[in-house]
Each structure stands twice: as structure tokens, then as C-alpha cells.
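Structure file run.txt (compact mmCIF, C-alpha atoms and all ligand atoms) follows.
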# COMPACT_ATOMS: atom_id res chain seq x y z
CA MET A 1 47.76 -103.89 26.71
CA SER A 2 48.77 -103.05 30.26
CA ALA A 3 46.63 -100.68 32.30
CA ARG A 4 49.32 -98.00 32.33
CA GLN A 5 48.44 -94.56 30.97
CA ARG A 6 50.55 -92.39 28.69
CA THR A 7 52.29 -89.53 30.42
CA ASP A 8 51.90 -87.21 27.39
CA GLY A 9 48.12 -87.50 27.13
CA ARG A 10 48.26 -88.64 23.49
CA ASP A 11 45.05 -90.17 22.24
CA LEU A 12 45.10 -93.96 22.03
CA GLU A 13 41.78 -94.00 20.18
CA ALA A 14 43.38 -92.30 17.17
CA VAL A 15 46.05 -94.98 16.77
CA ASN A 16 43.53 -97.77 17.33
CA ARG A 17 41.44 -96.31 14.47
CA LEU A 18 44.55 -96.05 12.27
CA ALA A 19 45.36 -99.71 12.96
CA GLU A 20 41.89 -100.69 11.75
CA LEU A 21 42.33 -98.70 8.54
CA GLY A 22 45.71 -100.12 7.56
CA ALA A 23 48.65 -98.97 5.48
CA ALA A 24 47.05 -98.71 2.02
CA LEU A 25 44.22 -96.41 3.12
CA ALA A 26 46.64 -94.30 5.15
CA SER A 27 48.90 -93.97 2.11
CA ASP A 28 46.00 -93.07 -0.19
CA CYS A 29 44.84 -90.34 2.15
CA LEU A 30 48.33 -88.89 2.54
CA ASP A 31 48.48 -88.84 -1.28
CA ARG A 32 45.25 -86.85 -1.32
CA LEU A 33 46.81 -84.37 1.11
CA GLY A 34 49.85 -84.06 -1.19
CA VAL A 35 52.16 -85.93 1.21
CA THR A 36 53.83 -88.56 -0.94
CA ASP A 37 57.13 -89.31 0.79
CA MET A 38 56.03 -91.07 3.98
CA VAL A 39 55.97 -94.72 2.91
CA MET A 40 58.96 -96.79 4.02
CA ASP A 41 61.07 -98.82 1.67
CA ALA A 42 59.56 -102.22 0.85
CA ARG A 43 62.54 -104.00 2.46
CA ILE A 44 60.88 -103.56 5.85
CA ARG A 45 58.52 -106.52 6.19
CA PRO A 46 56.33 -108.07 8.90
CA LEU A 47 57.70 -111.30 10.36
CA THR A 48 54.37 -112.94 9.59
CA PRO A 49 51.63 -111.81 7.19
CA GLY A 50 49.01 -111.19 9.86
CA PHE A 51 51.01 -108.62 11.81
CA ARG A 52 49.40 -105.19 11.78
CA VAL A 53 49.98 -102.26 14.05
CA ALA A 54 49.59 -98.53 14.49
CA GLY A 55 51.11 -96.40 17.19
CA TYR A 56 53.10 -93.37 18.18
CA ALA A 57 56.71 -93.49 17.04
CA ALA A 58 59.19 -93.98 19.87
CA THR A 59 62.33 -93.32 17.90
CA VAL A 60 65.67 -95.04 18.39
CA LYS A 61 68.84 -94.04 16.54
CA VAL A 62 71.36 -96.88 16.24
CA VAL A 63 75.00 -96.88 15.17
CA ALA A 64 77.51 -99.57 14.23
CA VAL A 65 80.20 -100.15 16.85
CA ASP A 66 83.29 -102.35 16.62
CA ALA A 67 83.66 -103.39 20.25
CA PRO A 68 81.55 -103.90 23.37
CA PRO A 69 81.60 -101.12 25.98
CA ALA A 70 84.73 -101.10 28.15
CA ASP A 71 82.63 -101.70 31.25
CA PHE A 72 80.09 -104.56 31.19
CA SER A 73 77.77 -102.52 33.40
CA ASP A 74 77.23 -100.36 30.28
CA ALA A 75 76.18 -103.35 28.13
CA TYR A 76 72.95 -102.71 26.19
CA LYS A 77 72.54 -99.61 28.33
CA MET A 78 70.72 -97.36 25.86
CA GLU A 79 68.82 -100.23 24.25
CA ILE A 80 67.46 -101.20 27.65
CA ALA A 81 66.63 -97.57 28.41
CA ALA A 82 64.79 -97.27 25.08
CA VAL A 83 62.59 -100.27 25.92
CA ASP A 84 61.95 -99.14 29.49
CA ALA A 85 60.86 -95.71 28.19
CA LEU A 86 58.08 -97.16 26.01
CA GLN A 87 54.51 -96.16 26.71
CA PRO A 88 51.13 -97.68 25.85
CA GLY A 89 50.40 -97.23 22.16
CA ASP A 90 54.02 -96.67 21.16
CA VAL A 91 55.68 -98.32 18.19
CA MET A 92 59.45 -98.39 18.49
CA VAL A 93 60.99 -97.03 15.27
CA VAL A 94 64.63 -97.98 14.80
CA SER A 95 67.07 -96.49 12.30
CA GLU A 96 69.25 -98.44 9.89
CA SER A 97 71.80 -101.02 10.93
CA ASP A 98 73.29 -104.19 9.53
CA GLY A 99 75.31 -107.19 10.64
CA ALA A 100 73.46 -108.01 13.87
CA ALA A 101 69.99 -108.33 15.37
CA PHE A 102 68.77 -105.23 17.09
CA TRP A 103 65.49 -106.85 18.17
CA GLY A 104 64.51 -110.08 19.92
CA GLU A 105 61.92 -111.76 22.09
CA LEU A 106 63.18 -110.57 25.48
CA LEU A 107 63.06 -106.95 24.38
CA ALA A 108 59.61 -107.60 22.90
CA SER A 109 58.38 -109.15 26.15
CA ALA A 110 59.44 -106.08 28.13
CA SER A 111 57.95 -103.79 25.47
CA ARG A 112 54.63 -105.62 25.52
CA PHE A 113 54.39 -105.32 29.30
CA ARG A 114 54.79 -101.57 28.93
CA GLY A 115 51.90 -101.50 26.45
CA ALA A 116 53.98 -100.91 23.33
CA ALA A 117 52.13 -101.95 20.19
CA GLY A 118 55.04 -103.12 18.03
CA VAL A 119 58.38 -102.36 16.42
CA VAL A 120 59.42 -101.09 13.00
CA ALA A 121 63.15 -101.41 12.42
CA ASP A 122 65.41 -100.74 9.47
CA SER A 123 67.51 -103.33 11.30
CA CYS A 124 67.39 -107.07 11.83
CA ALA A 125 65.67 -109.20 14.46
CA ARG A 126 66.33 -112.67 15.84
CA ASP A 127 64.14 -115.09 17.84
CA ALA A 128 61.69 -114.82 14.94
CA ASN A 129 59.61 -117.85 15.93
CA ALA A 130 59.19 -116.55 19.45
CA LEU A 131 58.22 -113.09 18.18
CA ILE A 132 55.62 -114.68 15.92
CA ASP A 133 54.32 -117.00 18.66
CA MET A 134 53.92 -114.13 21.10
CA GLY A 135 52.18 -112.05 18.40
CA PHE A 136 54.30 -108.95 18.89
CA PRO A 137 53.98 -107.03 15.60
CA SER A 138 57.57 -106.80 14.37
CA PHE A 139 58.49 -105.20 11.04
CA VAL A 140 62.17 -105.57 10.18
CA ARG A 141 64.57 -105.50 7.25
CA GLY A 142 65.74 -109.07 7.87
CA LEU A 143 66.81 -111.71 10.34
CA ASP A 144 70.25 -112.27 11.80
CA PRO A 145 71.28 -114.56 14.66
CA ARG A 146 74.09 -112.29 15.82
CA ASP A 147 73.77 -110.37 19.07
CA SER A 148 73.88 -106.59 18.88
CA TYR A 149 76.43 -106.59 21.71
CA GLY A 150 79.66 -105.07 20.39
CA ARG A 151 78.13 -104.57 16.92
CA VAL A 152 75.19 -102.16 17.08
CA ASP A 153 74.41 -99.69 19.81
CA VAL A 154 71.75 -97.14 20.55
CA GLU A 155 73.12 -93.63 20.19
CA GLU A 156 70.05 -91.58 21.03
CA ILE A 157 66.34 -91.98 21.63
CA ALA A 158 63.41 -89.62 21.04
CA VAL A 159 65.09 -87.77 18.16
CA PRO A 160 64.09 -87.73 14.47
CA VAL A 161 65.43 -90.88 12.78
CA ASP A 162 65.66 -92.17 9.23
CA CYS A 163 63.89 -95.51 8.94
CA GLY A 164 63.18 -97.18 5.61
CA GLY A 165 64.01 -93.93 3.81
CA VAL A 166 61.51 -91.85 5.79
CA THR A 167 62.35 -89.30 8.46
CA VAL A 168 60.25 -90.18 11.50
CA ARG A 169 59.81 -87.77 14.38
CA PRO A 170 58.89 -88.84 17.90
CA GLY A 171 55.10 -88.88 18.12
CA ASP A 172 54.41 -89.29 14.41
CA CYS A 173 51.99 -92.16 13.80
CA VAL A 174 53.18 -95.37 12.19
CA VAL A 175 50.70 -97.64 10.39
CA ALA A 176 52.06 -101.02 9.31
CA ASP A 177 50.64 -104.22 7.90
CA ILE A 178 51.47 -106.71 5.17
CA ASP A 179 51.26 -103.95 2.55
CA GLY A 180 54.05 -101.91 4.14
CA VAL A 181 54.81 -99.16 6.63
CA VAL A 182 53.32 -95.66 6.42
CA VAL A 183 54.23 -92.72 8.63
CA VAL A 184 51.42 -90.24 9.26
CA PRO A 185 52.90 -86.94 10.45
CA ALA A 186 51.50 -86.08 13.88
CA GLU A 187 49.81 -82.92 12.58
CA ARG A 188 48.01 -84.79 9.77
CA VAL A 189 46.50 -87.63 11.81
CA ALA A 190 43.01 -86.12 12.20
CA GLU A 191 42.73 -85.35 8.46
CA VAL A 192 44.00 -88.80 7.47
CA LEU A 193 41.55 -90.51 9.83
CA ALA A 194 38.59 -88.57 8.44
CA LEU A 195 39.56 -89.17 4.80
CA ALA A 196 40.46 -92.81 5.33
CA GLU A 197 37.27 -93.70 7.16
CA GLU A 198 35.26 -92.04 4.37
CA LYS A 199 37.23 -93.91 1.70
CA ARG A 200 36.83 -97.20 3.53
CA ALA A 201 33.05 -96.74 3.54
CA THR A 202 33.04 -95.92 -0.18
CA GLU A 203 35.24 -98.94 -0.94
CA SER A 204 32.90 -101.14 1.04
CA THR A 205 29.84 -100.06 -0.97
CA MET A 206 31.82 -100.36 -4.22
CA ARG A 207 33.05 -103.85 -3.29
CA GLY A 208 29.45 -104.96 -2.76
CA GLU A 209 28.38 -103.71 -6.18
CA LEU A 210 31.46 -105.21 -7.90
CA SER A 211 30.73 -108.57 -6.34
CA THR A 212 27.21 -108.53 -7.77
CA GLY A 213 28.35 -107.68 -11.30
CA LEU A 214 28.84 -103.94 -11.72
CA SER A 215 31.64 -103.45 -14.25
CA MET A 216 34.89 -101.90 -13.11
CA GLU A 217 34.30 -99.05 -15.57
CA ALA A 218 30.85 -98.28 -14.19
CA ALA A 219 32.05 -98.70 -10.61
CA PHE A 220 34.94 -96.29 -11.05
CA ALA A 221 32.67 -93.76 -12.75
CA LYS A 222 30.23 -94.02 -9.85
CA PHE A 223 32.54 -94.17 -6.83
CA LYS A 224 35.73 -92.50 -8.16
CA VAL A 225 38.04 -94.50 -5.91
CA LEU A 226 40.45 -97.36 -6.41
O1 LIG B 301 69.99 -109.63 22.41
C1 LIG B 301 69.30 -108.83 21.78
O2 LIG B 301 69.69 -107.70 21.43
C2 LIG B 301 67.92 -109.19 21.35
C3 LIG B 301 67.46 -110.51 21.85
O3 LIG B 301 67.98 -111.57 21.55
C4 LIG B 301 66.25 -110.55 22.70
O4 LIG B 301 65.65 -109.50 22.96
O5 LIG B 301 65.86 -111.65 23.12
MG MG B 302 67.04 -113.37 22.41

Would you mind writing the file out in C-alpha cells?
Ligand SMILES: O=C([O-])CC(=O)C(=O)O
Ligand SMILES: [Mg+2]
Amino acid sequence: MSARQRTDGRDLEAVNRLAELGAALASDCLDRLGVTDMVMDARIRPLTPGFRVAGYAATVKVVAVDAPPADFSDAYKMEIAAVDALQPGDVMVVSESDGAAFWGELLASASRFRGAAGVVADSCARDANALIDMGFPSFVRGLDPRDSYGRVDVEEIAVPVDCGGVTVRPGDCVVADIDGVVVVPAERVAEVLALAEEKRATESTMRGELSTGLSMEAAFAKFKVL
């Protein structure tokens, strides 16, 4: 991560802890808080199984277009602005689009330099091998070799967006790994962290006892988690 600081003072430690916990624990703890509608549709997948990320949502609303901008100096204008606005610990969250790649390795290179942690897009990527080789956690709905130019454009940034069936607000926390993508509402992050770290410790003790022969029935009765 670059040495730049966030301008909004948001806590990078919180998202680093969420990244360690992962999507399943985050989802379980939202369930316990009665928040059951913050897991994205399973169509959004990591480009490689080892990708995992957590960060503050930097939201991007995209729209289908049927022609490039009239003036080439406007090409990719908002997409470029969205990348250049990224801050350390951000995860770009992109709304739904089809028929072109919204994401690629040049955008990821610029995003990484700015300290962004990854991207979650209900849109396609291209340059998949390069994105995997550079290890930039990219969670997308598919791959498509077509350029976004003249097909998909950024309409607005830093507004609530629908991504994978979840409404994501700027600054909500996104936790993504091979199990899926979970959005932790900004105001629930502290509670989710406390619950999830407690559950992780319980699971760890339970795992040890299961691996030395405690039955599942006895383990569930004792630890009351699954
Ligand atoms: O052209 C695009 O929109 C994405 C792309 O290939 C890149 O970032 O390398
Ligand atoms: Mg490219």
C-alpha cells in the first residue's frame, strides 16, 4: 500500500481486521444483528480463489451507452476520475453492466498506486491474467474482451449503488473472498468486528476439539456455533 493517508480519517485498522475475518464470519455476525440482506449475488466471483479483500466502498454507478463521447477528450473521463479519486483502503464498488469490460489491468495499476485494496463489480473485467499476476483482488460478474469505450460509461461516483443485488453506500465496508461478497453497513462495523472476532475464537477452539474426536453433536451443544 502506498504511504498516502486517507483524507476522511477513516480507520484502516478496522478494514484490515475485517479482511482477516472474511466473508462467512462477517455474514454470520450480520445475521446475528438481524441484517440479512447484505450479501451480494453469487454471480460476483474472485478472478482467482486466493483473492480476499476488505475496504471502504468507493462507489461507481455505470450506465450502458451506444456511442463514444462526441469529443475524444471526454473518453473514459468519469472512469479515470473514479480511479484517481481512490484512497488507501478503498474498494471500488461498481454497479451492474453488461456487454463490455469495465475493469482491466491499467485501471488496477493506477488504483493500486493510490492504495486501493480491490474492486467489486457487477460488471465484467478483461486482462484477467494480468490482474491475477499483479494480485489485485478483483471480484467481477464475468470476463469480456470488449472495451468499455462507447459501451459502458460512468454516470456518477460516490453515490449509493446497486451491486450484486445489494445497495452499497459510499463508506460502507466490503468484505470479499472466495465465499462471496458481504457489505457491512458503516454504522455496524464495530459490532460486526467484535462479534466476528469472538466467533472466530470459539470456532478455533471447537475445530481443535473436533479434530481430536469430539462428536459434532457434543461440539454443537458445547460451543453453540456452526
Ligand atoms: O479499457 C478499459 O476500460 C480497461 C482496461 O483494459 C485496462 O484497465 O487495462
Ligand atoms: Mg487493458

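A distance cut-off of 8 Å around (57.1, -107.1, 5.0), counting all atoms listed in the file, selects these protein and nucleic acid residues: Ala42, Arg43, Ile44, Arg45, Pro46, Leu47, Thr48, Pro49, Phe139, Val140, Arg141, Asp177, Ile178, Asp179 and Gly180 of chain A.
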
Please provide as a VMD selection string all residues within 9 Å of Ala26 of chain A, with the sequence filter that same-chain residues fewer than 3 positions apart are discarded (counting only C-alpha atoms).
chain A and resid 18 21 to 23 29 to 31 175 182 to 184 192 to 193 195 to 196

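Distances from A:Gly104, A:Gly213, A:Gly34, A:Gly118 to ligand MG 302 (chain B) were compared using only C-alpha atoms and all ligand atoms, and the smallest one belongs to A:Gly104.
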
All residues having an atom within 8 Å of ligand MG 302 (chain B) (all atoms listed in the file) as a PDB file with C-alpha atoms, in the frame of the given file:
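Final output, pocket-v3.pdb:
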ATOM      1  CA  TRP A 103      65.490-106.850  18.170  1.00  0.00           C
ATOM      2  CA  GLY A 104      64.510-110.080  19.920  1.00  0.00           C
ATOM      3  CA  GLU A 105      61.920-111.760  22.090  1.00  0.00           C
ATOM      4  CA  LEU A 106      63.180-110.570  25.480  1.00  0.00           C
ATOM      5  CA  LEU A 107      63.060-106.950  24.380  1.00  0.00           C
ATOM      6  CA  ARG A 126      66.330-112.670  15.840  1.00  0.00           C
ATOM      7  CA  ASP A 127      64.140-115.090  17.840  1.00  0.00           C
TER       8      ASP A 127
END

Contacts with ligand LIG 301 (chain B) at most 12 Å, only C-alpha atoms and all ligand atoms counted, listed as a count of residues only
41

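Atom CA of Cys163 of chain A lies 23.5 Å from atom CA of Glu191 of chain A.
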
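Atom CA of Thr167 of chain A is positioned 23.6 Å from atom CA of Arg6 of chain A.
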
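When all atoms listed in the file are used to compute distances to Glu187 of chain A, the closest of the residues A:Met216, A:Val35, A:Thr205, A:Val53 turns out to be A:Val35.
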
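Between Ala194 of chain A and the residues A:Ala117, A:Val166, A:Leu86, A:Arg17, the shortest atom-to-atom distance, using only C-alpha atoms, involves A:Arg17.
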
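Distance check against Leu226 of chain A using all atoms listed in the file: of A:Glu209, A:Arg200, A:Pro170, A:Thr36, the minimum falls on A:Arg200.
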
Using the atoms already present, construct N, CA, C and O atoms for segment 21-39 of chain A and hand them back as an mmCIF file, in the coordinates of the input.
data_model
loop_
_atom_site.group_PDB
_atom_site.id
_atom_site.type_symbol
_atom_site.label_atom_id
_atom_site.label_comp_id
_atom_site.auth_asym_id
_atom_site.auth_seq_id
_atom_site.Cartn_x
_atom_site.Cartn_y
_atom_site.Cartn_z
ATOM 1 N N LEU A 21 42.359 -99.153 9.944
ATOM 2 C CA LEU A 21 42.330 -98.700 8.540
ATOM 3 C C LEU A 21 43.421 -99.372 7.712
ATOM 4 O O LEU A 21 43.195 -99.773 6.570
ATOM 5 N N GLY A 22 44.613 -99.454 8.259
ATOM 6 C CA GLY A 22 45.710 -100.120 7.560
ATOM 7 C C GLY A 22 46.528 -99.194 6.689
ATOM 8 O O GLY A 22 46.204 -98.021 6.468
ATOM 9 N N ALA A 23 47.624 -99.757 6.174
ATOM 10 C CA ALA A 23 48.650 -98.970 5.480
ATOM 11 C C ALA A 23 48.167 -98.404 4.142
ATOM 12 O O ALA A 23 48.477 -97.256 3.802
ATOM 13 N N ALA A 24 47.431 -99.186 3.364
ATOM 14 C CA ALA A 24 47.050 -98.710 2.020
ATOM 15 C C ALA A 24 46.125 -97.502 2.112
ATOM 16 O O ALA A 24 46.315 -96.503 1.394
ATOM 17 N N LEU A 25 45.124 -97.569 2.981
ATOM 18 C CA LEU A 25 44.220 -96.410 3.120
ATOM 19 C C LEU A 25 44.967 -95.206 3.664
ATOM 20 O O LEU A 25 44.747 -94.077 3.213
ATOM 21 N N ALA A 26 45.861 -95.431 4.613
ATOM 22 C CA ALA A 26 46.640 -94.300 5.150
ATOM 23 C C ALA A 26 47.467 -93.661 4.041
ATOM 24 O O ALA A 26 47.530 -92.434 3.918
ATOM 25 N N SER A 27 48.094 -94.506 3.207
ATOM 26 C CA SER A 27 48.900 -93.970 2.110
ATOM 27 C C SER A 27 48.046 -93.197 1.121
ATOM 28 O O SER A 27 48.408 -92.102 0.678
ATOM 29 N N ASP A 28 46.891 -93.763 0.755
ATOM 30 C CA ASP A 28 46.000 -93.070 -0.190
ATOM 31 C C ASP A 28 45.611 -91.688 0.329
ATOM 32 O O ASP A 28 45.552 -90.718 -0.433
ATOM 33 N N CYS A 29 45.326 -91.612 1.614
ATOM 34 C CA CYS A 29 44.840 -90.340 2.150
ATOM 35 C C CYS A 29 45.970 -89.334 2.295
ATOM 36 O O CYS A 29 45.765 -88.141 2.086
ATOM 37 N N LEU A 30 47.182 -89.810 2.591
ATOM 38 C CA LEU A 30 48.330 -88.890 2.540
ATOM 39 C C LEU A 30 48.530 -88.382 1.116
ATOM 40 O O LEU A 30 48.803 -87.196 0.904
ATOM 41 N N ASP A 31 48.391 -89.270 0.127
ATOM 42 C CA ASP A 31 48.480 -88.840 -1.280
ATOM 43 C C ASP A 31 47.501 -87.698 -1.539
ATOM 44 O O ASP A 31 47.847 -86.688 -2.164
ATOM 45 N N ARG A 32 46.265 -87.879 -1.072
ATOM 46 C CA ARG A 32 45.250 -86.850 -1.320
ATOM 47 C C ARG A 32 45.612 -85.530 -0.657
ATOM 48 O O ARG A 32 45.224 -84.463 -1.114
ATOM 49 N N LEU A 33 46.366 -85.604 0.422
ATOM 50 C CA LEU A 33 46.810 -84.370 1.110
ATOM 51 C C LEU A 33 48.110 -83.835 0.515
ATOM 52 O O LEU A 33 48.680 -82.871 1.011
ATOM 53 N N GLY A 34 48.621 -84.522 -0.535
ATOM 54 C CA GLY A 34 49.850 -84.060 -1.190
ATOM 55 C C GLY A 34 51.113 -84.493 -0.475
ATOM 56 O O GLY A 34 52.200 -83.968 -0.758
ATOM 57 N N VAL A 35 50.993 -85.456 0.455
ATOM 58 C CA VAL A 35 52.160 -85.930 1.210
ATOM 59 C C VAL A 35 52.540 -87.300 0.652
ATOM 60 O O VAL A 35 51.899 -88.296 0.939
ATOM 61 N N THR A 36 53.573 -87.329 -0.171
ATOM 62 C CA THR A 36 53.830 -88.560 -0.940
ATOM 63 C C THR A 36 55.162 -89.226 -0.583
ATOM 64 O O THR A 36 55.590 -90.154 -1.262
ATOM 65 N N ASP A 37 55.804 -88.776 0.485
ATOM 66 C CA ASP A 37 57.130 -89.310 0.790
ATOM 67 C C ASP A 37 57.200 -89.965 2.164
ATOM 68 O O ASP A 37 58.249 -89.983 2.806
ATOM 69 N N MET A 38 56.066 -90.536 2.608
ATOM 70 C CA MET A 38 56.030 -91.070 3.980
ATOM 71 C C MET A 38 55.812 -92.584 4.026
ATOM 72 O O MET A 38 55.431 -93.125 5.065
ATOM 73 N N VAL A 39 56.072 -93.259 2.917
ATOM 74 C CA VAL A 39 55.970 -94.720 2.910
ATOM 75 C C VAL A 39 57.369 -95.307 2.932
ATOM 76 O O VAL A 39 58.224 -94.956 2.110
#
